[in-house]
$ cat upload_28.pdb   # PDB, C-alpha atoms, pLDDT in the B column
ATOM      1  CA  MET A   2      42.015 -21.987 -49.010  1.00 46.00           C
ATOM      2  CA  ARG A   3      39.540 -19.567 -47.419  1.00 48.00           C
ATOM      3  CA  HIS A   4      39.903 -18.781 -43.751  1.00 48.00           C
ATOM      4  CA  SER A   5      36.790 -19.198 -41.708  1.00 46.00           C
ATOM      5  CA  LEU A   6      35.744 -16.803 -38.987  1.00 45.00           C
ATOM      6  CA  ARG A   7      36.525 -19.457 -36.411  1.00 46.00           C
ATOM      7  CA  THR A   8      40.107 -20.616 -36.080  1.00 47.00           C
ATOM      8  CA  ARG A   9      41.164 -23.185 -33.509  1.00 52.00           C
ATOM      9  CA  GLY A  10      38.134 -22.538 -31.359  1.00 53.00           C
ATOM     10  CA  TYR A  11      38.555 -18.759 -31.310  1.00 50.00           C
ATOM     11  CA  SER A  12      36.289 -16.331 -33.063  1.00 50.00           C
ATOM     12  CA  ILE A  13      37.400 -12.965 -34.372  1.00 49.00           C
ATOM     13  CA  LEU A  14      35.341 -11.376 -31.603  1.00 48.00           C
ATOM     14  CA  SER A  15      37.406 -13.117 -28.926  1.00 47.00           C
ATOM     15  CA  PHE A  16      40.588 -11.623 -30.367  1.00 47.00           C
ATOM     16  CA  CYS A  17      39.042  -8.146 -30.341  1.00 48.00           C
ATOM     17  CA  VAL A  18      38.121  -8.524 -26.695  1.00 48.00           C
ATOM     18  CA  ARG A  19      41.615  -9.734 -25.835  1.00 50.00           C
ATOM     19  CA  ILE A  20      43.225  -6.708 -27.502  1.00 52.00           C
ATOM     20  CA  ALA A  21      40.876  -4.393 -25.610  1.00 50.00           C
ATOM     21  CA  ASP A  22      41.736  -6.176 -22.357  1.00 52.00           C
ATOM     22  CA  MET A  23      45.429  -5.436 -22.895  1.00 53.00           C
ATOM     23  CA  PHE A  24      44.889  -1.802 -21.992  1.00 57.00           C
ATOM     24  CA  SER A  25      43.103  -2.465 -18.723  1.00 58.00           C
ATOM     25  CA  MET A  26      45.125  -5.327 -17.308  1.00 68.00           C
ATOM     26  CA  LYS A  27      45.425  -5.618 -13.554  1.00 81.00           C
ATOM     27  CA  ALA A  28      48.436  -6.981 -11.704  1.00 86.00           C
ATOM     28  CA  TYR A  29      48.238 -10.513 -10.357  1.00 90.00           C
ATOM     29  CA  SER A  30      47.408 -10.726  -6.662  1.00 92.00           C
ATOM     30  CA  ILE A  31      50.025 -11.361  -3.972  1.00 93.00           C
ATOM     31  CA  ASP A  32      48.192 -14.571  -3.055  1.00 94.00           C
ATOM     32  CA  LEU A  33      48.568 -15.935  -6.598  1.00 94.00           C
ATOM     33  CA  ARG A  34      52.219 -14.914  -6.677  1.00 94.00           C
ATOM     34  CA  LYS A  35      52.872 -16.753  -3.381  1.00 95.00           C
ATOM     35  CA  ARG A  36      51.068 -19.899  -4.565  1.00 95.00           C
ATOM     36  CA  VAL A  37      52.957 -19.947  -7.881  1.00 95.00           C
ATOM     37  CA  LEU A  38      56.318 -19.551  -6.147  1.00 94.00           C
ATOM     38  CA  ALA A  39      55.417 -22.159  -3.507  1.00 94.00           C
ATOM     39  CA  ALA A  40      54.585 -24.644  -6.266  1.00 94.00           C
ATOM     40  CA  TYR A  41      57.849 -23.847  -8.039  1.00 94.00           C
ATOM     41  CA  ASP A  42      59.927 -24.032  -4.843  1.00 94.00           C
ATOM     42  CA  SER A  43      58.456 -27.447  -3.983  1.00 93.00           C
ATOM     43  CA  GLY A  44      60.290 -28.860  -7.002  1.00 92.00           C
ATOM     44  CA  LYS A  45      57.445 -31.286  -7.787  1.00 93.00           C
ATOM     45  CA  TYR A  46      56.204 -29.515 -10.907  1.00 92.00           C
ATOM     46  CA  SER A  47      57.767 -28.213 -14.090  1.00 93.00           C
ATOM     47  CA  LEU A  48      57.454 -24.599 -15.134  1.00 93.00           C
ATOM     48  CA  ASN A  49      54.955 -25.522 -17.851  1.00 94.00           C
ATOM     49  CA  GLN A  50      52.784 -27.490 -15.412  1.00 94.00           C
ATOM     50  CA  ILE A  51      52.701 -24.575 -12.955  1.00 94.00           C
ATOM     51  CA  ALA A  52      51.890 -22.119 -15.735  1.00 94.00           C
ATOM     52  CA  GLU A  53      49.041 -24.293 -16.947  1.00 93.00           C
ATOM     53  CA  GLN A  54      47.686 -24.925 -13.449  1.00 93.00           C
ATOM     54  CA  PHE A  55      47.598 -21.236 -12.476  1.00 93.00           C
ATOM     55  CA  GLN A  56      46.789 -19.963 -15.986  1.00 93.00           C
ATOM     56  CA  VAL A  57      49.836 -17.711 -16.251  1.00 94.00           C
ATOM     57  CA  THR A  58      52.719 -17.705 -18.714  1.00 94.00           C
ATOM     58  CA  THR A  59      56.059 -19.360 -18.096  1.00 94.00           C
ATOM     59  CA  ARG A  60      57.743 -16.040 -18.869  1.00 95.00           C
ATOM     60  CA  TRP A  61      55.753 -14.349 -16.078  1.00 94.00           C
ATOM     61  CA  ILE A  62      56.906 -17.027 -13.637  1.00 94.00           C
ATOM     62  CA  GLN A  63      60.523 -16.517 -14.711  1.00 95.00           C
ATOM     63  CA  LYS A  64      60.207 -12.750 -14.271  1.00 94.00           C
ATOM     64  CA  LEU A  65      58.604 -13.253 -10.842  1.00 94.00           C
ATOM     65  CA  ARG A  66      61.466 -15.544  -9.751  1.00 95.00           C
ATOM     66  CA  GLN A  67      64.037 -13.075 -11.056  1.00 95.00           C
ATOM     67  CA  ARG A  68      62.359 -10.192  -9.230  1.00 93.00           C
ATOM     68  CA  ARG A  69      62.302 -12.166  -5.969  1.00 94.00           C
ATOM     69  CA  LYS A  70      65.990 -12.986  -6.415  1.00 93.00           C
ATOM     70  CA  LEU A  71      67.136  -9.456  -7.289  1.00 92.00           C
ATOM     71  CA  GLU A  72      64.789  -7.269  -5.246  1.00 91.00           C
ATOM     72  CA  GLY A  73      63.573  -9.636  -2.555  1.00 91.00           C
ATOM     73  CA  SER A  74      59.978  -8.684  -3.278  1.00 91.00           C
ATOM     74  CA  ILE A  75      57.160 -10.301  -5.208  1.00 92.00           C
ATOM     75  CA  ALA A  76      54.787  -7.341  -4.932  1.00 91.00           C
ATOM     76  CA  PRO A  77      53.611  -5.886  -8.247  1.00 88.00           C
ATOM     77  CA  LYS A  78      55.478  -2.863  -9.487  1.00 84.00           C
ATOM     78  CA  PRO A  79      53.552   0.393  -9.151  1.00 81.00           C
ATOM     79  CA  GLN A  80      51.850   1.251 -12.408  1.00 75.00           C
ATOM     80  CA  ASN A  81      52.990   4.389 -14.136  1.00 73.00           C
ATOM     81  CA  GLN A  82      50.335   7.063 -13.891  1.00 72.00           C
ATOM     82  CA  GLY A  83      51.697   9.014 -16.820  1.00 76.00           C
ATOM     83  CA  ARG A  84      53.812  12.087 -17.099  1.00 79.00           C
ATOM     84  CA  LYS A  85      53.472  14.623 -14.312  1.00 81.00           C
ATOM     85  CA  PRO A  86      52.279  18.056 -15.451  1.00 82.00           C
ATOM     86  CA  ILE A  87      55.025  20.665 -15.597  1.00 84.00           C
ATOM     87  CA  PHE A  88      52.763  23.453 -14.436  1.00 85.00           C
ATOM     88  CA  GLN A  89      51.324  22.420 -11.093  1.00 85.00           C
ATOM     89  CA  GLY A  90      50.918  24.037  -7.689  1.00 87.00           C
ATOM     90  CA  LYS A  91      52.556  27.425  -7.392  1.00 90.00           C
ATOM     91  CA  ASN A  92      53.828  27.415 -10.989  1.00 88.00           C
ATOM     92  CA  LEU A  93      50.279  26.903 -12.233  1.00 89.00           C
ATOM     93  CA  LYS A  94      49.110  29.886 -10.154  1.00 91.00           C
ATOM     94  CA  ARG A  95      52.032  31.960 -11.436  1.00 91.00           C
ATOM     95  CA  LEU A  96      51.070  31.133 -15.025  1.00 89.00           C
ATOM     96  CA  GLU A  97      47.464  32.116 -14.443  1.00 89.00           C
ATOM     97  CA  GLN A  98      48.476  35.361 -12.714  1.00 91.00           C
ATOM     98  CA  PHE A  99      50.873  36.164 -15.556  1.00 90.00           C
ATOM     99  CA  ILE A 100      48.149  35.665 -18.167  1.00 88.00           C
ATOM    100  CA  GLU A 101      45.692  37.789 -16.160  1.00 88.00           C
ATOM    101  CA  ALA A 102      48.279  40.583 -15.946  1.00 90.00           C
ATOM    102  CA  HIS A 103      49.384  40.240 -19.591  1.00 88.00           C
ATOM    103  CA  PRO A 104      46.401  38.996 -21.657  1.00 83.00           C
ATOM    104  CA  ASP A 105      48.021  40.059 -24.950  1.00 85.00           C
ATOM    105  CA  THR A 106      51.198  38.028 -24.525  1.00 86.00           C
ATOM    106  CA  THR A 107      52.115  35.311 -27.004  1.00 87.00           C
ATOM    107  CA  LEU A 108      52.969  31.732 -26.141  1.00 89.00           C
ATOM    108  CA  GLU A 109      56.620  32.398 -26.992  1.00 90.00           C
ATOM    109  CA  GLU A 110      56.722  35.395 -24.635  1.00 90.00           C
ATOM    110  CA  THR A 111      55.102  33.291 -21.916  1.00 90.00           C
ATOM    111  CA  LYS A 112      57.730  30.602 -22.454  1.00 90.00           C
ATOM    112  CA  GLN A 113      60.512  33.197 -22.185  1.00 92.00           C
ATOM    113  CA  HIS A 114      58.990  34.579 -18.964  1.00 90.00           C
ATOM    114  CA  PHE A 115      59.066  31.135 -17.327  1.00 88.00           C
ATOM    115  CA  LEU A 116      62.430  30.112 -18.836  1.00 87.00           C
ATOM    116  CA  GLY A 117      64.359  30.060 -15.554  1.00 86.00           C
ATOM    117  CA  VAL A 118      61.516  28.406 -13.622  1.00 86.00           C
ATOM    118  CA  VAL A 119      60.066  25.793 -15.985  1.00 86.00           C
ATOM    119  CA  GLU A 120      61.609  24.072 -18.997  1.00 87.00           C
ATOM    120  CA  CYS A 121      58.756  23.354 -21.426  1.00 87.00           C
ATOM    121  CA  SER A 122      57.516  23.733 -24.977  1.00 89.00           C
ATOM    122  CA  ILE A 123      55.010  26.154 -26.442  1.00 90.00           C
ATOM    123  CA  ILE A 124      52.564  23.275 -26.867  1.00 91.00           C
ATOM    124  CA  THR A 125      52.773  22.538 -23.133  1.00 89.00           C
ATOM    125  CA  ILE A 126      51.877  26.136 -22.323  1.00 89.00           C
ATOM    126  CA  HIS A 127      49.020  26.053 -24.821  1.00 90.00           C
ATOM    127  CA  ASN A 128      47.607  22.814 -23.386  1.00 89.00           C
ATOM    128  CA  THR A 129      47.925  24.110 -19.820  1.00 89.00           C
ATOM    129  CA  LEU A 130      46.092  27.328 -20.679  1.00 88.00           C
ATOM    130  CA  LYS A 131      43.438  25.309 -22.474  1.00 87.00           C
ATOM    131  CA  GLY A 132      43.000  23.218 -19.322  1.00 87.00           C
ATOM    132  CA  LEU A 133      42.614  26.424 -17.306  1.00 85.00           C
ATOM    133  CA  GLU A 134      39.936  27.479 -19.820  1.00 84.00           C
ATOM    134  CA  TRP A 135      41.885  30.408 -21.244  1.00 78.00           C
ATOM    135  CA  ARG A 136      41.339  31.096 -24.954  1.00 76.00           C
ATOM    136  CA  TYR A 137      43.331  33.318 -27.285  1.00 71.00           C
ATOM    137  CA  LYS A 138      40.850  35.566 -29.075  1.00 68.00           C
ATOM    138  CA  LYS A 139      41.474  38.748 -31.015  1.00 67.00           C
ATOM    139  CA  LYS A 140      45.135  38.926 -30.026  1.00 67.00           C
ATOM    140  CA  ARG A 141      44.594  38.451 -26.296  1.00 68.00           C
ATOM    141  CA  TYR A 142      43.729  35.761 -23.780  1.00 71.00           C
ATOM    142  CA  MET A 143      40.356  35.658 -22.100  1.00 71.00           C
ATOM    143  CA  ARG A 144      38.372  33.161 -20.074  1.00 73.00           C
ATOM    144  CA  ALA A 145      36.341  30.733 -22.145  1.00 71.00           C
ATOM    145  CA  ASN A 146      32.680  31.615 -22.238  1.00 68.00           C
ATOM    146  CA  LYS A 147      30.741  28.425 -21.528  1.00 60.00           C
ATOM    147  CA  ALA A 148      27.553  29.877 -23.022  1.00 55.00           C
ATOM    148  CA  GLU A 149      29.309  30.153 -26.432  1.00 53.00           C
ATOM    149  CA  LYS A 150      29.705  26.403 -26.872  1.00 50.00           C
ATOM    150  CA  MET A 151      26.999  24.774 -28.951  1.00 48.00           C
TER     151      MET A 151
END

$ encode --input "upload_28.pdb" --output "structure tokens"
Amino acid sequence: MRHSLRTRGYSILSFCVRIADMFSMKAYSIDLRKRVLAAYDSGKYSLNQIAEQFQVTTRWIQKLRQRRKLEGSIAPKPQNQGRKPIFQGKNLKRLEQFIEAHPDTTLEETKQHFLGVVECSIITIHNTLKGLEWRYKKKRYMRANKAEKM
């Protein structure tokens, strides 16, 4: 049997949009969280009825109840903003000053210089220098020339 492009009222396009939405999901509002818990605490409705009424999943309601019980809060958890850069602030300035003073140093030598201060990989140093617009050319580091790019 051939599958049609439309299955149970959904088109393939709707699934593509839903997958894309997964990466930009926002937390539910405090107001919605309070209304869901108020409906649950009233005892008049089942979990499935509440989930359907507020268009949330039953698992989300269970997690919200568990969080209220354990932490005493229903506020959304802060979203992770990613890994913090190792070289920041004064360490970033130290790295830049080191490269200015020693433009012919290798990434391994740079790593050894910062061994007691920062624990990182060679790739981290490379990416940081790339972000600072330092390029390794002809066995030494130099500032990237923006006119060169074409």

$ resolve_selection --input "upload_28.pdb" --expression "the PyMOL selection byres ((chain A and resi 51) around 12)" --output "count of residues only"
29

$ resolve_selection --input "upload_28.pdb" --expression "the PyMOL selection byres ((chain A and resi 117-127) around 9)" --output "list in words"
Pro86, Ile87, Phe88, Asn92, Leu96, Leu108, Glu109, Thr111, Lys112, Gln113, His114, Phe115, Leu116, Asn128, Thr129, Leu130, Lys131 and Gly132 of chain A

$ atom_distance --input "upload_28.pdb" --atom1 "CA of Ala145 (chain A)" --atom2 "CA of Lys91 (chain A)"
22.2 Å

$ axis_aligned_box --input "upload_28.pdb" --around "region 98-101 of chain A" --padding-each-side "8 Å" --output "JSON"
{"center_x": 48.3, "center_y": 36.6, "center_z": -15.4, "size_x": 21.2, "size_y": 18.4, "size_z": 21.5}

$ resolve_selection --input "upload_28.pdb" --expression "the PyMOL selection byres ((chain A and resi 142) around 12)" --output "PyMOL selection string"
chain A and resi 97+99-108+111+127+130-131+133-141+143-146

$ closest_residue --input "upload_28.pdb" --among "A:Glu110, A:Gln98, A:Gln89, A:Ala28" --to "Ile75 (chain A)" --atoms "all atoms listed in the file"
A:Ala28

$ atom_distance --input "upload_28.pdb" --atom1 "CA of Lys35 (chain A)" --atom2 "CA of Arg66 (chain A)"
10.8 Å

$ atom_distance --input "upload_28.pdb" --atom1 "CA of Gly83 (chain A)" --atom2 "CA of Lys70 (chain A)"
28.2 Å

$ build_atoms --input "upload_28.pdb" --residues "region 45-62 of chain A" --atoms "N, CA and C atoms" --output "compact mmCIF listing (two decimals), in the coordinates of the input"
# COMPACT_ATOMS: atom_id res chain seq x y z
N LYS A 45 58.25 -30.16 -7.31
CA LYS A 45 57.44 -31.29 -7.79
C LYS A 45 56.92 -31.08 -9.21
N TYR A 46 56.84 -29.82 -9.63
CA TYR A 46 56.20 -29.52 -10.91
C TYR A 46 57.16 -28.76 -11.82
N SER A 47 56.97 -28.96 -13.12
CA SER A 47 57.77 -28.21 -14.09
C SER A 47 57.17 -26.82 -14.25
N LEU A 48 57.91 -25.96 -14.90
CA LEU A 48 57.45 -24.60 -15.13
C LEU A 48 56.18 -24.59 -15.97
N ASN A 49 56.13 -25.44 -16.99
CA ASN A 49 54.96 -25.52 -17.85
C ASN A 49 53.73 -26.01 -17.08
N GLN A 50 53.91 -26.98 -16.20
CA GLN A 50 52.78 -27.49 -15.41
C GLN A 50 52.24 -26.41 -14.48
N ILE A 51 53.13 -25.65 -13.86
CA ILE A 51 52.70 -24.58 -12.96
C ILE A 51 51.97 -23.49 -13.74
N ALA A 52 52.52 -23.14 -14.90
CA ALA A 52 51.89 -22.12 -15.74
C ALA A 52 50.49 -22.54 -16.16
N GLU A 53 50.35 -23.79 -16.53
CA GLU A 53 49.04 -24.29 -16.95
C GLU A 53 48.07 -24.36 -15.77
N GLN A 54 48.54 -24.80 -14.63
CA GLN A 54 47.69 -24.92 -13.45
C GLN A 54 47.15 -23.58 -12.99
N PHE A 55 48.00 -22.55 -12.98
CA PHE A 55 47.60 -21.24 -12.48
C PHE A 55 47.17 -20.27 -13.58
N GLN A 56 47.18 -20.76 -14.82
CA GLN A 56 46.79 -19.96 -15.99
C GLN A 56 47.60 -18.67 -16.12
N VAL A 57 48.90 -18.81 -16.03
CA VAL A 57 49.84 -17.71 -16.25
C VAL A 57 50.86 -18.19 -17.27
N THR A 58 51.70 -17.31 -17.74
CA THR A 58 52.72 -17.70 -18.71
C THR A 58 54.00 -18.12 -18.00
N THR A 59 54.78 -18.94 -18.67
CA THR A 59 56.06 -19.36 -18.10
C THR A 59 56.99 -18.15 -17.97
N ARG A 60 56.90 -17.24 -18.92
CA ARG A 60 57.74 -16.04 -18.87
C ARG A 60 57.42 -15.20 -17.63
N TRP A 61 56.14 -15.10 -17.28
CA TRP A 61 55.75 -14.35 -16.08
C TRP A 61 56.35 -15.00 -14.83
N ILE A 62 56.33 -16.32 -14.79
CA ILE A 62 56.91 -17.03 -13.64
C ILE A 62 58.41 -16.76 -13.55
